[in-house]
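J.: Dropping in coords.tsv, with TSV, C-alpha atoms and all ligand atoms.
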```tsv
chain	number	residue	atom	x	y	z
A	29	MET	CA	6.00	-27.00	-12.82
A	30	THR	CA	7.88	-23.96	-14.14
A	31	ARG	CA	6.38	-20.80	-12.80
A	32	LYS	CA	6.56	-17.53	-14.66
A	33	ILE	CA	8.89	-15.02	-12.97
A	34	PRO	CA	6.99	-11.76	-12.53
A	35	LYS	CA	8.44	-8.64	-14.18
A	36	ARG	CA	6.65	-6.12	-11.98
A	37	ILE	CA	5.35	-6.78	-8.49
A	38	LEU	CA	3.47	-4.76	-5.94
A	39	LEU	CA	4.11	-5.60	-2.30
A	40	LYS	CA	1.50	-4.62	0.29
A	41	LEU	CA	3.02	-4.24	3.74
A	42	SER	CA	0.80	-3.50	6.70
A	43	GLY	CA	1.88	-0.87	9.17
A	44	GLU	CA	1.77	-3.53	11.85
A	45	ALA	CA	4.47	-5.49	10.03
A	46	LEU	CA	6.83	-2.63	10.82
A	47	LEU	CA	6.19	-2.80	14.56
A	48	GLY	CA	8.45	-5.80	15.09
A	49	GLY	CA	9.57	-5.65	18.70
A	50	VAL	CA	8.29	-2.15	19.48
A	51	ASP	CA	4.82	-1.15	20.75
A	52	TYR	CA	4.42	1.90	18.55
A	53	GLY	CA	6.07	3.18	15.41
A	54	ILE	CA	8.75	1.41	13.44
A	55	ASP	CA	11.29	-1.21	14.49
A	56	PRO	CA	14.50	-0.26	12.63
A	57	GLU	CA	15.60	-3.89	12.50
A	58	VAL	CA	12.41	-4.92	10.70
A	59	ILE	CA	12.41	-2.08	8.17
A	60	ASN	CA	16.10	-2.61	7.40
A	61	ARG	CA	15.55	-6.32	6.82
A	62	ILE	CA	12.57	-5.69	4.54
A	63	ALA	CA	14.59	-3.07	2.64
A	64	GLY	CA	17.37	-5.64	2.19
A	65	GLU	CA	14.92	-8.18	0.80
A	66	LEU	CA	13.52	-5.60	-1.60
A	67	ARG	CA	17.05	-4.80	-2.75
A	68	ASP	CA	17.63	-8.50	-3.46
A	69	VAL	CA	14.44	-8.65	-5.52
A	70	ARG	CA	15.41	-5.46	-7.38
A	71	GLU	CA	18.82	-6.95	-8.15
A	72	LEU	CA	17.08	-9.72	-10.06
A	73	GLY	CA	15.75	-7.04	-12.40
A	74	ILE	CA	12.22	-7.20	-11.04
A	75	GLN	CA	10.35	-3.89	-10.90
A	76	VAL	CA	9.12	-3.26	-7.37
A	77	ALA	CA	6.28	-1.08	-6.11
A	78	VAL	CA	5.26	-1.04	-2.46
A	79	VAL	CA	2.11	0.10	-0.68
A	80	ILE	CA	2.47	0.52	3.08
A	81	GLY	CA	-0.35	0.69	5.59
A	82	GLY	CA	-0.49	2.86	8.66
A	83	GLY	CA	-1.93	0.56	11.33
A	84	ASN	CA	1.20	0.95	13.49
A	85	ILE	CA	0.35	4.65	13.83
A	86	PHE	CA	-3.37	5.38	13.31
A	87	ARG	CA	-6.41	3.76	11.78
A	88	GLY	CA	-9.38	5.98	11.01
A	89	ALA	CA	-11.93	3.41	12.18
A	90	GLY	CA	-10.20	3.11	15.57
A	91	LEU	CA	-10.03	6.87	15.98
A	92	ALA	CA	-13.73	7.14	15.06
A	93	GLN	CA	-14.58	4.59	17.75
A	94	GLY	CA	-12.91	6.92	20.21
A	95	GLY	CA	-15.21	9.76	19.09
A	96	MET	CA	-13.19	11.42	16.33
A	97	ASP	CA	-14.73	12.42	13.04
A	98	ARG	CA	-14.16	9.45	10.70
A	99	VAL	CA	-12.88	11.45	7.75
A	100	THR	CA	-10.38	13.29	9.95
A	101	GLY	CA	-9.31	9.94	11.39
A	102	ASP	CA	-8.81	8.55	7.90
A	103	HIS	CA	-6.75	11.58	6.93
A	104	MET	CA	-4.58	10.89	9.98
A	105	GLY	CA	-4.32	7.23	8.96
A	106	MET	CA	-3.23	8.21	5.45
A	107	LEU	CA	-0.61	10.57	6.84
A	108	GLY	CA	0.63	7.65	8.94
A	109	THR	CA	1.27	5.71	5.74
A	110	VAL	CA	3.37	8.63	4.47
A	111	ILE	CA	5.52	8.41	7.62
A	112	ASN	CA	6.05	4.68	7.07
A	113	SER	CA	6.80	5.22	3.38
A	114	LEU	CA	9.47	7.82	4.15
A	115	ALA	CA	11.06	5.37	6.60
A	116	LEU	CA	11.21	2.65	3.95
A	117	GLN	CA	12.60	5.07	1.37
A	118	ASP	CA	15.33	6.00	3.83
A	119	ALA	CA	16.14	2.36	4.64
A	120	LEU	CA	16.38	1.56	0.90
A	121	GLU	CA	18.58	4.54	0.16
A	122	LYS	CA	20.94	3.54	2.98
A	123	LEU	CA	21.40	0.28	1.06
A	124	GLY	CA	22.09	2.13	-2.18
A	125	VAL	CA	18.67	1.39	-3.70
A	126	HIS	CA	17.01	4.28	-5.52
A	127	ALA	CA	13.50	4.79	-4.21
A	128	ARG	CA	10.71	7.33	-4.60
A	129	VAL	CA	7.76	7.96	-2.32
A	130	MET	CA	4.70	9.04	-4.29
A	131	SER	CA	1.71	10.19	-2.31
A	132	ALA	CA	-1.97	10.15	-3.21
A	133	ILE	CA	-2.32	13.31	-1.07
A	134	LYS	CA	-0.26	16.31	-2.14
A	135	ILE	CA	2.58	16.82	0.32
A	136	ASN	CA	5.21	18.17	-2.03
A	137	GLU	CA	7.72	19.28	0.54
A	138	VAL	CA	8.34	15.66	1.50
A	139	CYS	CA	7.55	13.53	-1.54
A	140	GLU	CA	6.23	13.41	-5.08
A	141	ASP	CA	2.57	13.20	-6.01
A	142	TYR	CA	1.33	9.89	-7.34
A	143	ILE	CA	1.14	10.28	-11.09
A	144	ARG	CA	0.67	6.94	-12.80
A	145	ARG	CA	2.85	7.55	-15.82
A	146	ARG	CA	5.63	8.97	-13.69
A	147	ALA	CA	5.40	6.03	-11.30
A	148	ILE	CA	5.76	3.60	-14.21
A	149	ARG	CA	8.75	5.58	-15.49
A	150	HIS	CA	10.42	5.27	-12.07
A	151	LEU	CA	9.85	1.51	-12.14
A	152	GLU	CA	11.32	1.27	-15.62
A	153	LYS	CA	14.37	3.12	-14.34
A	154	SER	CA	14.80	0.48	-11.60
A	155	ARG	CA	13.61	2.69	-8.77
A	156	VAL	CA	11.51	1.19	-6.01
A	157	VAL	CA	8.25	3.14	-5.95
A	158	ILE	CA	6.62	3.49	-2.54
A	159	LEU	CA	2.99	4.48	-2.85
A	160	ALA	CA	1.86	6.48	0.16
A	161	ALA	CA	-1.48	7.82	1.47
A	162	GLY	CA	-3.50	4.85	0.23
A	163	THR	CA	-6.04	5.82	-2.39
A	164	GLY	CA	-6.15	9.40	-1.08
A	165	ASN	CA	-9.80	8.91	-0.07
A	166	PRO	CA	-11.34	8.27	3.34
A	167	PHE	CA	-13.27	5.03	3.96
A	168	PHE	CA	-10.77	3.01	1.93
A	169	THR	CA	-7.88	0.88	3.11
A	170	THR	CA	-4.34	0.44	1.93
A	171	ASP	CA	-5.31	-3.10	0.82
A	172	THR	CA	-7.63	-1.53	-1.71
A	173	ALA	CA	-4.94	1.01	-2.61
A	174	ALA	CA	-2.58	-1.92	-3.24
A	175	SER	CA	-4.91	-3.71	-5.64
A	176	LEU	CA	-5.85	-0.44	-7.34
A	177	ARG	CA	-2.24	0.61	-7.90
A	178	ALA	CA	-1.15	-2.89	-8.93
A	179	ILE	CA	-3.88	-2.96	-11.58
A	180	GLU	CA	-3.24	0.63	-12.73
A	181	MET	CA	0.48	-0.02	-13.05
A	182	ASN	CA	0.05	-3.39	-14.75
A	183	ALA	CA	1.81	-5.41	-12.05
A	184	ASP	CA	1.95	-9.16	-12.71
A	185	LEU	CA	1.56	-10.11	-9.08
A	186	LEU	CA	0.24	-8.58	-5.87
A	187	LEU	CA	2.03	-9.82	-2.78
A	188	LYS	CA	0.24	-9.36	0.50
A	189	ALA	CA	2.64	-9.57	3.42
A	190	THR	CA	1.11	-10.85	6.66
A	191	LYS	CA	2.37	-12.20	9.96
A	192	VAL	CA	1.29	-15.81	9.24
A	193	ASN	CA	2.25	-18.26	6.51
A	194	GLY	CA	-0.66	-17.65	4.16
A	195	VAL	CA	-4.43	-17.97	4.38
A	196	PHE	CA	-5.80	-20.35	7.02
A	197	SER	CA	-9.22	-21.87	7.68
A	198	ALA	CA	-9.15	-20.11	11.09
A	199	ASP	CA	-6.76	-17.83	12.98
A	200	PRO	CA	-3.68	-20.06	13.46
A	201	ALA	CA	-2.69	-18.12	16.59
A	202	LYS	CA	-5.94	-19.23	18.26
A	203	PHE	CA	-6.53	-22.55	16.48
A	204	PRO	CA	-3.28	-24.51	16.06
A	205	ASP	CA	-5.02	-27.12	13.83
A	206	ALA	CA	-6.19	-24.47	11.37
A	207	GLU	CA	-5.52	-25.59	7.80
A	208	ARG	CA	-3.35	-23.49	5.48
A	209	TYR	CA	-4.68	-23.22	1.95
A	210	THR	CA	-2.12	-23.33	-0.83
A	211	ARG	CA	-4.59	-22.31	-3.55
A	212	LEU	CA	-7.83	-20.38	-3.43
A	213	THR	CA	-10.01	-18.60	-5.92
A	214	TYR	CA	-11.10	-15.01	-5.38
A	215	ASP	CA	-14.68	-16.21	-4.94
A	216	GLN	CA	-13.67	-18.73	-2.27
A	217	VAL	CA	-11.96	-15.93	-0.35
A	218	LEU	CA	-15.02	-13.71	-0.69
A	219	ASP	CA	-17.66	-16.37	-0.01
A	220	ALA	CA	-15.90	-17.77	3.07
A	221	ARG	CA	-14.92	-14.25	4.24
A	222	LEU	CA	-11.39	-15.49	4.71
A	223	GLY	CA	-10.06	-12.09	5.73
A	224	VAL	CA	-7.12	-12.10	3.33
A	225	MET	CA	-7.63	-8.49	2.34
A	226	ASP	CA	-10.75	-6.39	2.50
A	227	ALA	CA	-13.49	-7.41	0.09
A	228	THR	CA	-13.09	-4.37	-2.17
A	229	ALA	CA	-9.44	-5.25	-2.72
A	230	VAL	CA	-10.23	-8.90	-3.51
A	231	VAL	CA	-13.06	-7.96	-5.89
A	232	MET	CA	-10.71	-5.62	-7.76
A	233	CYS	CA	-8.15	-8.43	-8.09
A	234	ARG	CA	-10.86	-10.80	-9.29
A	235	ASP	CA	-12.37	-8.41	-11.81
A	236	ASN	CA	-8.96	-7.62	-13.26
A	237	ASP	CA	-7.50	-11.12	-12.99
A	238	LEU	CA	-4.58	-10.02	-10.83
A	239	PRO	CA	-2.93	-12.96	-9.02
A	240	LEU	CA	-2.54	-12.42	-5.30
A	241	ARG	CA	-0.07	-14.27	-3.09
A	242	VAL	CA	-0.30	-14.09	0.70
A	243	PHE	CA	2.90	-14.86	2.62
A	244	ASN	CA	4.66	-14.32	5.94
A	245	VAL	CA	6.82	-11.21	5.80
A	246	HIS	CA	8.64	-12.27	8.97
A	247	THR	CA	10.13	-15.38	7.37
A	248	LYS	CA	13.44	-14.15	6.05
A	249	GLY	CA	14.08	-14.95	2.42
A	250	ASP	CA	10.53	-15.95	1.47
A	251	LEU	CA	9.99	-12.90	-0.71
A	252	LEU	CA	12.95	-13.82	-2.89
A	253	LYS	CA	11.89	-17.47	-2.98
A	254	ILE	CA	8.44	-16.46	-4.22
A	255	ILE	CA	9.98	-14.34	-6.95
A	256	ASN	CA	12.12	-17.32	-7.93
A	257	GLY	CA	8.99	-19.40	-8.38
A	258	GLU	CA	8.73	-21.28	-5.08
A	259	ASP	CA	5.22	-22.09	-4.01
A	260	ILE	CA	5.12	-20.30	-0.67
A	261	GLY	CA	2.04	-19.10	1.24
A	262	THR	CA	-1.33	-19.03	-0.49
A	263	LEU	CA	-1.99	-18.14	-4.09
A	264	VAL	CA	-5.37	-16.61	-4.95
A	265	THR	CA	-6.37	-16.65	-8.62
A	266	ARG	CA	-9.46	-16.93	-10.80
A	267	ALA	CA	-9.31	-20.72	-10.99
A	268	ALA	CA	-6.95	-23.35	-9.66
A	269	ASP	CA	-5.63	-24.11	-13.17
A	270	SER	CA	-4.53	-20.50	-13.78
A	271	ALA	CA	-2.19	-20.77	-10.80
A	272	ALA	CA	0.72	-22.12	-12.85
A	273	ASP	CA	1.37	-18.67	-14.24
A	274	ALA	CA	1.53	-16.86	-10.95
B	301	LIG	N1	-6.76	5.13	4.77
B	301	LIG	C1	-7.74	5.83	4.09
B	301	LIG	N2	-7.83	5.67	2.73
B	301	LIG	C2	-7.02	4.85	2.03
B	301	LIG	C3	-6.05	4.11	2.74
B	301	LIG	C4	-5.93	4.27	4.10
B	301	LIG	O1	-8.48	6.58	4.67
B	301	LIG	O2	-7.16	4.76	0.79
B	301	LIG	C5	-6.58	5.36	6.22
B	301	LIG	C6	-7.56	4.56	7.07
B	301	LIG	O3	-7.90	5.33	8.20
B	301	LIG	C7	-6.72	3.37	7.48
B	301	LIG	C8	-5.36	4.02	7.69
B	301	LIG	O4	-5.28	4.98	6.63
B	301	LIG	O5	-7.18	2.77	8.67
B	301	LIG	C9	-4.18	3.08	7.61
B	301	LIG	O6	-4.33	2.18	6.55
B	301	LIG	P1	-4.64	0.63	6.80
B	301	LIG	O7	-5.61	0.45	7.92
B	301	LIG	O8	-5.01	0.04	5.49
B	301	LIG	O9	-3.20	0.13	7.25
B	301	LIG	P2	-2.68	-1.35	7.60
B	301	LIG	O10	-3.80	-2.08	8.28
B	301	LIG	O11	-2.32	-2.00	6.32
B	301	LIG	O12	-1.48	-1.09	8.46
```
If you convert what's in this file into structure tokens, what do you get?
Ligand code: UDP
T.:
Amino acid sequence: MTRKIPKRILLKLSGEALLGGVDYGIDPEVINRIAGELRDVRELGIQVAVVIGGGNIFRGAGLAQGGMDRVTGDHMGMLGTVINSLALQDALEKLGVHARVMSAIKINEVCEDYIRRRAIRHLEKSRVVILAAGTGNPFFTTDTAASLRAIEMNADLLLKATKVNGVFSADPAKFPDAERYTRLTYDQVLDARLGVMDATAVVMCRDNDLPLRVFNVHTKGDLLKIINGEDIGTLVTRAADSAADA
């Protein structure tokens, strides 16, 4: 089966993916490797947008559990995503890749505001666009920001980077016989509460027919293989027969 090569992708990286071997913050080895993989994808002429989470720094829900006001916690979480985004921008620039952080919260001394048309212009000019501060609103997640931005910016494919090889019937770390799905529909993910992304993000993908591929960000080279049409991880689409295009 010949798979269509996407022209514009959006990669969702969780903050935790950046932890690598460190307990807190960012493992330089991990961010440099991811930057290198993004450069390789860019060199194929694919337009690349990235949304980064902030779970390696703060999550609003966790802070609220500790007694903090939830909205303040979410603001702190969003600022955490800006920190991660600046780190990725730096790692890309060290490799000679032009990149721009665009934030949903105004923070003009450190990065641009997210303006859709400007973001698309950056992509067209081969810059990697790193979308920071999630949606800019509390009570949302960066998963939802990723599907929102991918849809707004007409991405062909949303790639959700995780620490396992796709979507499983149960947590493969706890249940070694858990089955990996190669194909799922949005409704299967939602009905079985498969925990791929939060429900809002999956519903947005479903309602806008945006293909979603879940893969292991720690397996070197898989990102490029996916772009080149290899069937890696789990593909989530409207129906199994629409999968050939994603
Ligand atoms: N956040 C938010 N609104 C958004 C996106 C993120 O308030 O649109 C906050 C929220 O507190 C969240 C934190 O930023 O917990 C970090 O994002 P997320 O948990 O999605 O990061 P990840 O789990 O991907 O590392």
J.: Grab me every residue within 8 Å of ligand LIG 301 (chain B), counting all atoms listed in the file, and send it over as an MDAnalysis selection string.
T.: chainID A and resid 40:45 80:90 98:99 101:109 161:173
J.: Using only C-alpha atoms, which residue out of A:Asp219, A:Asp51, A:Glu57, A:Glu71 lies closest to Val125 of chain A?
T.: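 Ranked by minimum distance to Val125 of chain A, first place goes to A:Glu71.
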J.: Considering only C-alpha atoms, can you say which of A:Lys188, A:Arg61, A:Lys35, A:Lys134 comes closest to Val110 of chain A?
T.: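 The answer is A:Lys134, which sits nearest to Val110 of chain A.
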J.: Taking into account all atoms listed in the file, which residue in the set A:Ile37, A:Leu72, A:Ile260, A:Ala127 is nearest to Val157 of chain A?
T.: A:Ala127
J.: Residues at most 12 Å from Ile255 of chain A, counting all atoms listed in the file, excluding those fewer than 5 positions away in the same chain, as a PyMOL selection string?
T.: chain A and resi 31-39+65-66+68-76+184-187+241+243+249-250+260+274
J.: What does the structure give for the distance between atom CA of Asn182 of chain A and atom CA of Met130 of chain A, in Å to one decimal?
T.: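 Result for atom CA of Asn182 of chain A versus atom CA of Met130 of chain A: 16.9 Å, one decimal.
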J.: Measuring atom to atom with all atoms listed in the file, identify which of A:Asp55, A:Val129, A:Val50, A:Asp97 is nearest to Val79 of chain A.
T.: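 Among A:Asp55, A:Val129, A:Val50, A:Asp97, it is A:Val129 that comes nearest to Val79 of chain A.
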J.: Which is closer to Ser175 of chain A than all the others in A:Glu121, A:Asp205, A:Glu258, A:Asp226, using all atoms listed in the file?
T.: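 Nearest to Ser175 of chain A: A:Asp226.
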J.: Please determine, counting only C-alpha atoms, which residue among A:Val156, A:Val224, A:Val264, A:Ala201 has the shortest atom-to-atom distance to Leu116 of chain A.
T.: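 Smallest separation from Leu116 of chain A among the options: A:Val156.
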J.: Residues proximal to (10.4, 13.7, 1.6) were defined as those with any atom within 12 Å of that point in the file's coordinates, counting only C-alpha atoms. Which are they, as a JSON list (two decimals) with C-alpha atoms, keeping the file's coordinate frame?
T.:
```json
[["chain", "number", "residue", "atom", "x", "y", "z"],
["A", 110, "VAL", "CA", 3.37, 8.63, 4.47],
["A", 111, "ILE", "CA", 5.52, 8.41, 7.62],
["A", 112, "ASN", "CA", 6.05, 4.68, 7.07],
["A", 113, "SER", "CA", 6.80, 5.22, 3.38],
["A", 114, "LEU", "CA", 9.47, 7.82, 4.15],
["A", 115, "ALA", "CA", 11.06, 5.37, 6.60],
["A", 116, "LEU", "CA", 11.21, 2.65, 3.95],
["A", 117, "GLN", "CA", 12.60, 5.07, 1.37],
["A", 118, "ASP", "CA", 15.33, 6.00, 3.83],
["A", 127, "ALA", "CA", 13.50, 4.79, -4.21],
["A", 128, "ARG", "CA", 10.71, 7.33, -4.60],
["A", 129, "VAL", "CA", 7.76, 7.96, -2.32],
["A", 130, "MET", "CA", 4.70, 9.04, -4.29],
["A", 131, "SER", "CA", 1.71, 10.19, -2.31],
["A", 134, "LYS", "CA", -0.26, 16.31, -2.14],
["A", 135, "ILE", "CA", 2.58, 16.82, 0.32],
["A", 136, "ASN", "CA", 5.21, 18.17, -2.03],
["A", 137, "GLU", "CA", 7.72, 19.28, 0.54],
["A", 138, "VAL", "CA", 8.34, 15.66, 1.50],
["A", 139, "CYS", "CA", 7.55, 13.53, -1.54],
["A", 140, "GLU", "CA", 6.23, 13.41, -5.08],
["A", 141, "ASP", "CA", 2.57, 13.20, -6.01],
["A", 158, "ILE", "CA", 6.62, 3.49, -2.54],
["A", 160, "ALA", "CA", 1.86, 6.48, 0.16]]
```
J.: How many Å lie between atom CA of Arg234 of chain A and atom CA of Val78 of chain A, rounded to one decimal?
T.: 20.0 Å
J.: Atom CA of Asp259 of chain A and atom CA of Arg211 of chain A are how many Å apart?
T.: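 Atom CA of Arg211 of chain A lies at a distance of 9.8 Å from atom CA of Asp259 of chain A.
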J.: Which residues, written as number ranges by chain, have at least one atom at most 6 Å from Thr213 of chain A, with only C-alpha atoms counted and residues fewer than 2 positions away on the same chain left out?
T.: A: 215-216, 264-267
J.: Filtering to C-alpha atoms, could you give me those residues as a PDB file, in the coordinates of the input?
T.:
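Listed below is the output, result23.pdb:
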```pdb
ATOM      1  CA  ASP A 215     -14.680 -16.210  -4.940  1.00  0.00           C
ATOM      2  CA  GLN A 216     -13.670 -18.730  -2.270  1.00  0.00           C
ATOM      3  CA  VAL A 264      -5.370 -16.610  -4.950  1.00  0.00           C
ATOM      4  CA  THR A 265      -6.370 -16.650  -8.620  1.00  0.00           C
ATOM      5  CA  ARG A 266      -9.460 -16.930 -10.800  1.00  0.00           C
ATOM      6  CA  ALA A 267      -9.310 -20.720 -10.990  1.00  0.00           C
TER       7      ALA A 267
END
```
J.: Given the point (-0.3, 7.8, -11.6) in the coordinates of this file, which residues lie within 9 Å, counting all atoms listed in the file, and how would they look as an MDAnalysis selection string?
T.: chainID A and resid 130 132 141:148 177 180:181
